[in-house]
file structure12.tsv (TSV, C-alpha atoms and all ligand atoms)
chain	number	residue	atom	x	y	z
I	14	MET	CA	0.00	0.00	0.00
I	15	ALA	CA	1.43	3.40	-0.95
I	16	ARG	CA	2.42	5.30	2.20
I	17	LEU	CA	1.01	8.68	1.20
I	18	GLN	CA	-2.13	7.53	-0.59
I	19	GLY	CA	-4.84	10.18	-0.43
I	20	LYS	CA	-2.56	12.84	1.07
I	21	TYR	CA	-2.30	16.39	-0.26
I	22	ALA	CA	1.27	17.70	-0.05
I	23	LEU	CA	2.76	21.11	-0.80
I	24	ILE	CA	6.54	21.37	-1.24
I	25	THR	CA	8.10	24.81	-1.47
I	26	GLY	CA	11.13	25.10	-3.75
I	27	GLY	CA	10.33	21.90	-5.60
I	28	THR	CA	12.18	22.68	-8.82
I	29	SER	CA	15.50	21.06	-7.93
I	30	GLY	CA	17.56	19.20	-5.34
I	31	ILE	CA	15.88	17.84	-2.23
I	32	GLY	CA	12.51	19.46	-3.02
I	33	LEU	CA	12.27	17.88	-6.47
I	34	GLU	CA	13.27	14.45	-5.14
I	35	THR	CA	10.71	14.76	-2.34
I	36	ALA	CA	8.01	15.56	-4.91
I	37	ARG	CA	9.05	12.54	-7.00
I	38	GLN	CA	8.88	10.17	-4.04
I	39	PHE	CA	5.65	11.58	-2.63
I	40	ILE	CA	3.97	11.09	-6.02
I	41	ALA	CA	5.33	7.52	-6.16
I	42	GLU	CA	3.80	6.97	-2.70
I	43	GLY	CA	0.37	8.07	-3.88
I	44	ALA	CA	0.26	11.71	-2.75
I	45	THR	CA	-1.32	14.57	-4.66
I	46	VAL	CA	1.57	17.02	-4.90
I	47	ALA	CA	2.03	20.73	-5.55
I	48	ILE	CA	5.42	22.36	-5.87
I	49	THR	CA	6.36	26.01	-5.83
I	50	GLY	CA	9.15	27.75	-7.72
I	51	ARG	CA	10.14	31.30	-8.51
I	52	SER	CA	10.76	30.76	-12.22
I	53	GLN	CA	8.21	29.46	-14.72
I	54	SER	CA	10.84	27.74	-16.86
I	55	ALA	CA	12.30	25.88	-13.84
I	56	LEU	CA	8.77	24.91	-12.79
I	57	ASP	CA	7.94	23.63	-16.27
I	58	ALA	CA	11.15	21.55	-16.35
I	59	ALA	CA	10.36	20.11	-12.91
I	60	GLY	CA	6.77	19.44	-13.99
I	61	GLN	CA	8.08	17.42	-16.94
I	62	ALA	CA	10.53	15.53	-14.72
I	63	LEU	CA	7.55	14.63	-12.52
I	64	GLY	CA	5.64	13.24	-15.51
I	65	GLY	CA	3.07	16.03	-15.46
I	66	LYS	CA	1.74	14.76	-12.12
I	67	ALA	CA	2.41	17.81	-9.92
I	68	LEU	CA	0.48	21.05	-9.59
I	69	LEU	CA	2.95	23.83	-10.45
I	70	LEU	CA	2.64	27.07	-8.49
I	71	LEU	CA	4.70	30.10	-9.43
I	72	SER	CA	5.55	31.89	-6.22
I	73	ASP	CA	8.60	33.65	-4.81
I	74	ALA	CA	9.18	32.34	-1.29
I	75	GLY	CA	10.47	35.73	-0.17
I	76	ASP	CA	7.42	37.71	-1.32
I	77	ILE	CA	4.78	37.88	1.44
I	78	PRO	CA	1.76	38.90	-0.71
I	79	GLN	CA	2.63	36.05	-3.08
I	80	GLN	CA	2.74	33.63	-0.13
I	81	ARG	CA	-0.74	34.67	0.95
I	82	GLU	CA	-2.02	34.37	-2.59
I	83	LEU	CA	-0.47	30.92	-2.86
I	84	ALA	CA	-2.38	29.79	0.24
I	85	GLN	CA	-5.59	31.20	-1.20
I	86	ARG	CA	-5.08	29.42	-4.54
I	87	LEU	CA	-4.44	26.12	-2.80
I	88	GLY	CA	-7.49	26.55	-0.58
I	89	GLN	CA	-9.63	26.96	-3.68
I	90	ARG	CA	-8.34	23.73	-5.23
I	91	TRP	CA	-7.77	21.31	-2.36
I	92	PRO	CA	-10.12	20.20	0.43
I	93	ARG	CA	-7.28	20.08	2.99
I	94	LEU	CA	-3.51	20.06	3.29
I	95	ASP	CA	-1.94	16.98	4.90
I	96	VAL	CA	1.73	17.78	4.36
I	97	LEU	CA	3.48	21.12	4.19
I	98	TYR	CA	7.17	20.81	3.50
I	99	ILE	CA	9.04	24.11	3.84
I	100	ASN	CA	12.09	23.48	1.69
I	101	ALA	CA	12.79	26.55	-0.50
I	102	GLY	CA	15.94	28.24	0.66
I	103	ASP	CA	18.76	30.49	-0.32
I	104	VAL	CA	22.37	30.41	0.85
I	105	THR	CA	25.27	32.84	0.90
I	106	HIS	CA	28.53	31.75	2.45
I	107	ARG	CA	30.64	34.68	3.66
I	108	PRO	CA	31.94	36.23	6.91
I	109	LEU	CA	29.47	38.28	8.92
I	110	GLN	CA	31.55	41.40	8.35
I	111	GLU	CA	30.83	41.23	4.61
I	112	TRP	CA	27.02	41.11	4.72
I	113	ASP	CA	25.14	44.17	3.48
I	114	GLU	CA	21.62	45.01	4.57
I	115	GLN	CA	20.01	44.17	1.26
I	116	SER	CA	21.44	40.64	0.97
I	117	TYR	CA	20.69	39.99	4.65
I	118	GLN	CA	17.08	41.07	4.14
I	119	ARG	CA	16.55	39.05	0.98
I	120	LEU	CA	17.90	35.86	2.53
I	121	MET	CA	15.78	36.33	5.66
I	122	ASP	CA	12.69	36.96	3.51
I	123	ILE	CA	13.16	33.69	1.61
I	124	ASN	CA	14.30	31.45	4.46
I	125	LEU	CA	12.22	32.85	7.32
I	126	LYS	CA	9.67	35.61	6.81
I	127	GLY	CA	8.05	34.10	3.71
I	128	PRO	CA	7.60	30.68	5.36
I	129	PHE	CA	6.28	32.35	8.56
I	130	PHE	CA	3.45	34.06	6.69
I	131	LEU	CA	2.83	31.16	4.30
I	132	ILE	CA	2.31	28.85	7.27
I	133	GLN	CA	0.06	31.41	8.97
I	134	ALA	CA	-2.09	31.58	5.82
I	135	LEU	CA	-2.16	27.79	5.36
I	136	LEU	CA	-2.96	26.80	8.95
I	137	PRO	CA	-6.75	26.65	8.39
I	138	LEU	CA	-6.24	24.23	5.48
I	139	LEU	CA	-3.66	22.19	7.41
I	140	LEU	CA	-6.02	21.86	10.37
I	141	LYS	CA	-8.61	20.25	8.09
I	142	SER	CA	-6.31	17.21	7.87
I	143	HIS	CA	-6.90	14.43	10.41
I	144	ALA	CA	-3.10	14.05	10.74
I	145	GLY	CA	-1.27	17.07	9.34
I	146	SER	CA	2.52	17.17	9.11
I	147	LEU	CA	4.45	20.42	8.85
I	148	VAL	CA	8.16	19.94	8.23
I	149	PHE	CA	10.82	22.63	8.12
I	150	THR	CA	14.27	22.36	6.59
I	151	SER	CA	17.01	23.20	9.01
I	152	SER	CA	20.78	22.79	8.83
I	153	SER	CA	23.61	21.77	11.12
I	154	VAL	CA	24.53	25.48	11.27
I	155	GLY	CA	21.02	26.08	12.59
I	156	ARG	CA	22.00	24.16	15.71
I	157	THR	CA	25.66	25.08	16.19
I	158	GLY	CA	26.90	28.35	14.73
I	159	ARG	CA	30.02	28.22	12.61
I	160	ALA	CA	32.17	30.86	10.93
I	161	ASP	CA	31.11	32.24	7.54
I	162	TRP	CA	27.48	31.07	7.62
I	163	GLY	CA	26.16	34.56	8.47
I	164	ALA	CA	22.47	35.20	7.88
I	165	TYR	CA	21.94	31.65	6.60
I	166	ALA	CA	22.83	30.23	10.04
I	167	VAL	CA	20.72	32.89	11.75
I	168	SER	CA	17.73	31.99	9.56
I	169	LYS	CA	18.11	28.28	10.30
I	170	PHE	CA	18.39	28.85	14.09
I	171	ALA	CA	15.19	30.87	13.83
I	172	THR	CA	13.59	28.09	11.78
I	173	GLU	CA	14.27	25.64	14.62
I	174	GLY	CA	12.65	28.17	16.98
I	175	MET	CA	9.59	28.61	14.77
I	176	MET	CA	9.18	24.83	14.67
I	177	GLN	CA	9.26	24.63	18.49
I	178	VAL	CA	6.74	27.46	18.90
I	179	LEU	CA	4.29	25.93	16.42
I	180	ALA	CA	4.71	22.42	17.82
I	181	ASP	CA	3.80	23.75	21.26
I	182	GLU	CA	0.85	25.80	20.00
I	183	TYR	CA	-0.66	22.80	18.18
I	184	LYS	CA	0.36	19.97	20.53
I	185	ASN	CA	-3.28	19.20	21.28
I	186	ARG	CA	-4.43	19.32	17.67
I	187	ASN	CA	-4.02	17.05	14.65
I	188	LEU	CA	-0.88	18.81	13.50
I	189	ARG	CA	2.69	17.77	14.15
I	190	VAL	CA	5.61	20.07	13.46
I	191	ASN	CA	9.24	18.99	13.04
I	192	CYS	CA	12.57	19.95	11.46
I	193	ILE	CA	14.85	17.97	9.18
I	194	ASN	CA	18.53	18.74	8.83
I	195	PRO	CA	19.43	17.09	5.51
I	196	GLY	CA	23.20	17.24	6.17
I	197	GLY	CA	25.58	17.89	3.28
I	198	THR	CA	23.70	16.70	0.18
I	199	ARG	CA	24.59	16.79	-3.51
I	200	THR	CA	22.52	19.70	-4.84
I	201	LYS	CA	22.84	22.99	-6.69
I	202	MET	CA	22.86	24.93	-3.41
I	203	ARG	CA	25.60	22.78	-1.94
I	204	ALA	CA	27.73	23.21	-5.09
I	205	SER	CA	27.32	26.99	-4.93
I	206	ALA	CA	28.55	27.08	-1.30
I	207	PHE	CA	31.40	24.56	-1.89
I	208	PRO	CA	32.41	24.71	-5.56
I	209	HIS	CA	35.68	22.84	-4.99
I	210	GLU	CA	34.58	19.82	-2.96
I	211	ASP	CA	34.25	16.34	-4.45
I	212	LYS	CA	30.50	16.02	-4.87
I	213	ASN	CA	30.75	12.25	-5.27
I	214	LYS	CA	31.45	12.04	-1.55
I	215	LEU	CA	28.05	13.54	-0.76
I	216	LYS	CA	24.77	11.70	-0.36
I	217	THR	CA	22.22	12.38	-3.08
I	218	PRO	CA	18.71	13.67	-2.31
I	219	ALA	CA	17.39	10.16	-3.09
I	220	ASP	CA	19.71	8.68	-0.43
I	221	ILE	CA	18.17	10.76	2.37
I	222	MET	CA	14.50	10.25	1.50
I	223	PRO	CA	13.56	7.57	4.07
I	224	LEU	CA	13.37	10.16	6.87
I	225	TYR	CA	11.25	12.47	4.70
I	226	LEU	CA	8.77	9.72	3.95
I	227	TYR	CA	8.64	8.74	7.61
I	228	LEU	CA	7.92	12.28	8.81
I	229	MET	CA	5.25	12.97	6.20
I	230	GLY	CA	3.56	9.60	6.63
I	231	GLU	CA	1.34	8.10	9.31
I	232	ASP	CA	4.20	6.29	11.11
I	233	SER	CA	5.37	9.56	12.70
I	234	ARG	CA	1.94	10.62	13.98
I	235	ARG	CA	3.08	11.04	17.56
I	236	LYS	CA	6.29	12.90	16.80
I	237	THR	CA	6.22	16.65	17.21
I	238	GLY	CA	8.59	19.44	18.23
I	239	MET	CA	11.62	17.41	17.18
I	240	SER	CA	14.74	18.07	15.11
I	241	PHE	CA	15.79	15.14	12.95
I	242	ASP	CA	19.02	14.47	11.08
I	243	ALA	CA	18.73	12.78	7.69
I	244	GLN	CA	22.40	11.78	8.02
I	245	PRO	CA	22.83	11.20	11.76
I	246	ASN	CA	26.34	9.73	11.46
I	247	ARG	CA	27.73	12.50	9.30
I	248	LYS	CA	30.19	14.75	11.13
I	249	PRO	CA	29.43	18.40	10.44
I	250	GLY	CA	32.78	19.66	9.19
I	251	ALA	CA	34.21	22.56	7.30
I	252	ALA	CA	32.42	21.46	4.19
I	253	GLU	CA	28.83	22.03	5.27
Q	301	LIG	P1	18.59	23.53	-4.33
Q	301	LIG	O1	18.74	22.35	-5.23
Q	301	LIG	O2	19.27	24.79	-4.73
Q	301	LIG	O3	17.05	23.75	-4.08
Q	301	LIG	C1	16.55	24.91	-3.51
Q	301	LIG	C2	15.15	25.09	-4.03
Q	301	LIG	O4	14.61	26.29	-3.46
Q	301	LIG	C3	15.14	25.30	-5.55
Q	301	LIG	O5	14.00	24.65	-6.08
Q	301	LIG	C4	15.07	26.80	-5.67
Q	301	LIG	O6	14.51	27.27	-6.88
Q	301	LIG	C5	14.13	27.10	-4.53
Q	301	LIG	N1	14.14	28.50	-4.19
Q	301	LIG	C6	15.20	29.25	-3.82
Q	301	LIG	N2	14.81	30.52	-3.61
Q	301	LIG	C7	13.48	30.55	-3.86
Q	301	LIG	C8	12.51	31.57	-3.84
Q	301	LIG	N3	12.83	32.82	-3.54
Q	301	LIG	N4	11.24	31.25	-4.15
Q	301	LIG	C9	10.89	29.97	-4.48
Q	301	LIG	N5	11.77	28.98	-4.54
Q	301	LIG	C10	13.06	29.26	-4.23
Q	301	LIG	O7	19.15	23.21	-2.86
Q	301	LIG	P2	18.81	22.08	-1.78
Q	301	LIG	O8	20.12	21.70	-1.22
Q	301	LIG	O9	17.89	21.05	-2.34
Q	301	LIG	O10	18.06	22.95	-0.67
Q	301	LIG	C11	16.84	22.58	-0.07
Q	301	LIG	C12	16.84	22.98	1.39
Q	301	LIG	O11	17.80	22.18	2.08
Q	301	LIG	C13	17.20	24.43	1.68
Q	301	LIG	O12	16.32	24.96	2.65
Q	301	LIG	C14	18.62	24.35	2.26
Q	301	LIG	O13	18.89	25.40	3.13
Q	301	LIG	C15	18.56	23.01	2.96
Q	301	LIG	N6	19.85	22.37	3.20
Q	301	LIG	C16	20.59	21.84	2.20
Q	301	LIG	C17	21.80	21.23	2.48
Q	301	LIG	C18	22.64	20.63	1.38
Q	301	LIG	O14	23.78	20.21	1.65
Q	301	LIG	N7	22.16	20.53	0.15
Q	301	LIG	C19	22.28	21.17	3.80
Q	301	LIG	C20	21.51	21.72	4.82
Q	301	LIG	C21	20.29	22.31	4.52
Q	301	LIG	P3	15.43	27.77	-8.12
Q	301	LIG	O15	15.58	26.56	-8.96
Q	301	LIG	O16	14.63	28.86	-8.75
Q	301	LIG	O17	16.74	28.26	-7.56
call {"tool": "encode", "arguments": {"input": "structure12.tsv", "output": "structure tokens"}}
result
Amino acid sequence: MARLQGKYALITGGTSGIGLETARQFIAEGATVAITGRSQSALDAAGQALGGKALLLLSDAGDIPQQRELAQRLGQRWPRLDVLYINAGDVTHRPLQEWDEQSYQRLMDINLKGPFFLIQALLPLLLKSHAGSLVFTSSSVGRTGRADWGAYAVSKFATEGMMQVLADEYKNRNLRVNCINPGGTRTKMRASAFPHEDKNKLKTPADIMPLYLYLMGEDSRRKTGMSFDAQPNRKPGAAE
């Protein structure tokens, strides 16, 4: 029996990397899937890669009015939302001293403020699910700060905090809220932060999917307010 049969799942930033792989596996497990992306051409390419089976929603994760409109559009099409996977993210890897206000603001809008208001707008639809699962994407630098991660690390620390607040607010409802730290994974974002590392030493998005399927499926119904590692034995090192 497919593990996500009958579930409605929204994945933000589903055009590449971990988001695209999540969409692929959710569809294979029977879910009805929507992905967001900020570029129509990237969305179309992802839509093709998913065999035309995903709803494609053009939406910039850092634009608050667009996040509210996205929630409205989804509410008009779907009876409920069972899975909300907050995955879209942006990274810049540089010392704190070198951040300017504009790049700080843009990163925070995409990684933090956009998701905050998207979740707020989607809560009524999520609460229509008998077993909703809201999952954030964290990072090892969202748990232990390290040099040169700047606003990215700050946004991921705050993401962990947002998860804890929401988990506590909804602990008596049919909504669980958790974080996944993927660990260093072979994606476009990883390559942009570490252009010189050997990418063959990294896990692929497909390798880390078991935890994603567990957290979105019924097996994790009692888990909430927790931070999970998709690669628990991986040592966070310089290259992450
Ligand atoms: P990725 O392949 O670059 O995927 C990021 C996705 O987010 C892309 O689909 C990208 O769309 C989308 N996105 C970025 N900015 C957006 C915006 N403003 N509006 C809408 N979509 C936007 O990277 P990834 O590694 O899979 O990243 C997924 C998540 O994992 C991120 O939250 C990241 O922080 C986290 N993470 C990754 C690693 C790792 O080693 N890969 C480690 C720790 C945490 P475009 O195609 O338009 O760029």
call {"tool": "residues_near_ligand", "arguments": {"input": "structure12.tsv", "ligand": "ligand LIG 301 (chain Q)", "cutoff": "6 Å", "atoms": "all atoms listed in the file", "output": "ChimeraX atom specification"}}
result
/I:26-32,50-52,55,72-75,100-103,123,150-152,194-203
call {"tool": "atom_distance", "arguments": {"input": "structure12.tsv", "atom1": "CA of Ala180 in chain I", "atom2": "CA of Ser168 in chain I"}}
result
18.1 Å
call {"tool": "closest_atom_pairs", "arguments": {"input": "structure12.tsv", "of": "range 146-167 of chain I", "to": "range 233-249 of chain I", "cutoff": "10 Å", "atoms": "all atoms listed in the file", "output": "CSV"}}
result
residue,atom,partner,partner_atom,distance
I:Ser146,CA,I:Arg234,CA,8.2
I:Leu147,CA,I:Thr237,CA,9.3
I:Val148,CA,I:Ser240,CA,9.7
I:Phe149,CA,I:Ser240,CA,9.2
I:Thr150,CA,I:Ser240,CA,9.6
I:Ser151,CA,I:Ser240,CA,8.3
I:Ser152,CA,I:Asp242,CA,8.8
I:Ser153,CA,I:Pro249,CA,6.8
I:Val154,CA,I:Pro249,CA,8.7
I:Arg156,CA,I:Ser240,CA,9.5
I:Thr157,CA,I:Pro249,CA,9.6
call {"tool": "atom_distance", "arguments": {"input": "structure12.tsv", "atom1": "CA of Val190 in chain I", "atom2": "CA of Thr49 in chain I"}}
result
20.2 Å
call {"tool": "closest_residue", "arguments": {"input": "structure12.tsv", "among": "I:Ile48, I:Leu135, I:Gly163, I:Ile221", "to": "Gly88 in chain I", "atoms": "only C-alpha atoms"}}
result
I:Leu135
call {"tool": "residues_around", "arguments": {"input": "structure12.tsv", "residues": "Ala44 in chain I", "least_positions_apart": "5", "cutoff": "7 Å", "atoms": "all atoms listed in the file", "output": "PyMOL selection string"}}
result
chain I and resi 17-22+39
call {"tool": "residues_around", "arguments": {"input": "structure12.tsv", "residues": "Leu140 in chain I", "least_positions_apart": "3", "cutoff": "9 Å", "atoms": "all atoms listed in the file", "output": "number ranges by chain"}}
result
I: 93-95, 135-137, 143-145, 186-188
call {"tool": "atom_distance", "arguments": {"input": "structure12.tsv", "atom1": "CA of His106 in chain I", "atom2": "CA of Arg159 in chain I"}}
result
10.9 Å
call {"tool": "closest_residue", "arguments": {"input": "structure12.tsv", "among": "I:Ala47, I:Ala160, I:Ala36, I:Leu228", "to": "Leu71 in chain I", "atoms": "only C-alpha atoms"}}
result
I:Ala47
call {"tool": "residues_around", "arguments": {"input": "structure12.tsv", "residues": "Trp162 in chain I", "least_positions_apart": "4", "cutoff": "12 Å", "atoms": "all atoms listed in the file", "output": "MDAnalysis selection string"}}
result
chainID I and resid 103:112 117 120 152:158 166:170 206 251:253
call {"tool": "residues_around", "arguments": {"input": "structure12.tsv", "residues": "Phe130 in chain I", "least_positions_apart": "5", "cutoff": "12 Å", "atoms": "all atoms listed in the file", "output": "PyMOL selection string"}}
result
chain I and resi 74-84+99+122-125+135-136+175
call {"tool": "closest_residue", "arguments": {"input": "structure12.tsv", "among": "I:Leu68, I:Ala204, I:Leu215, I:Leu63", "to": "Arg86 in chain I", "atoms": "all atoms listed in the file"}}
result
I:Leu68
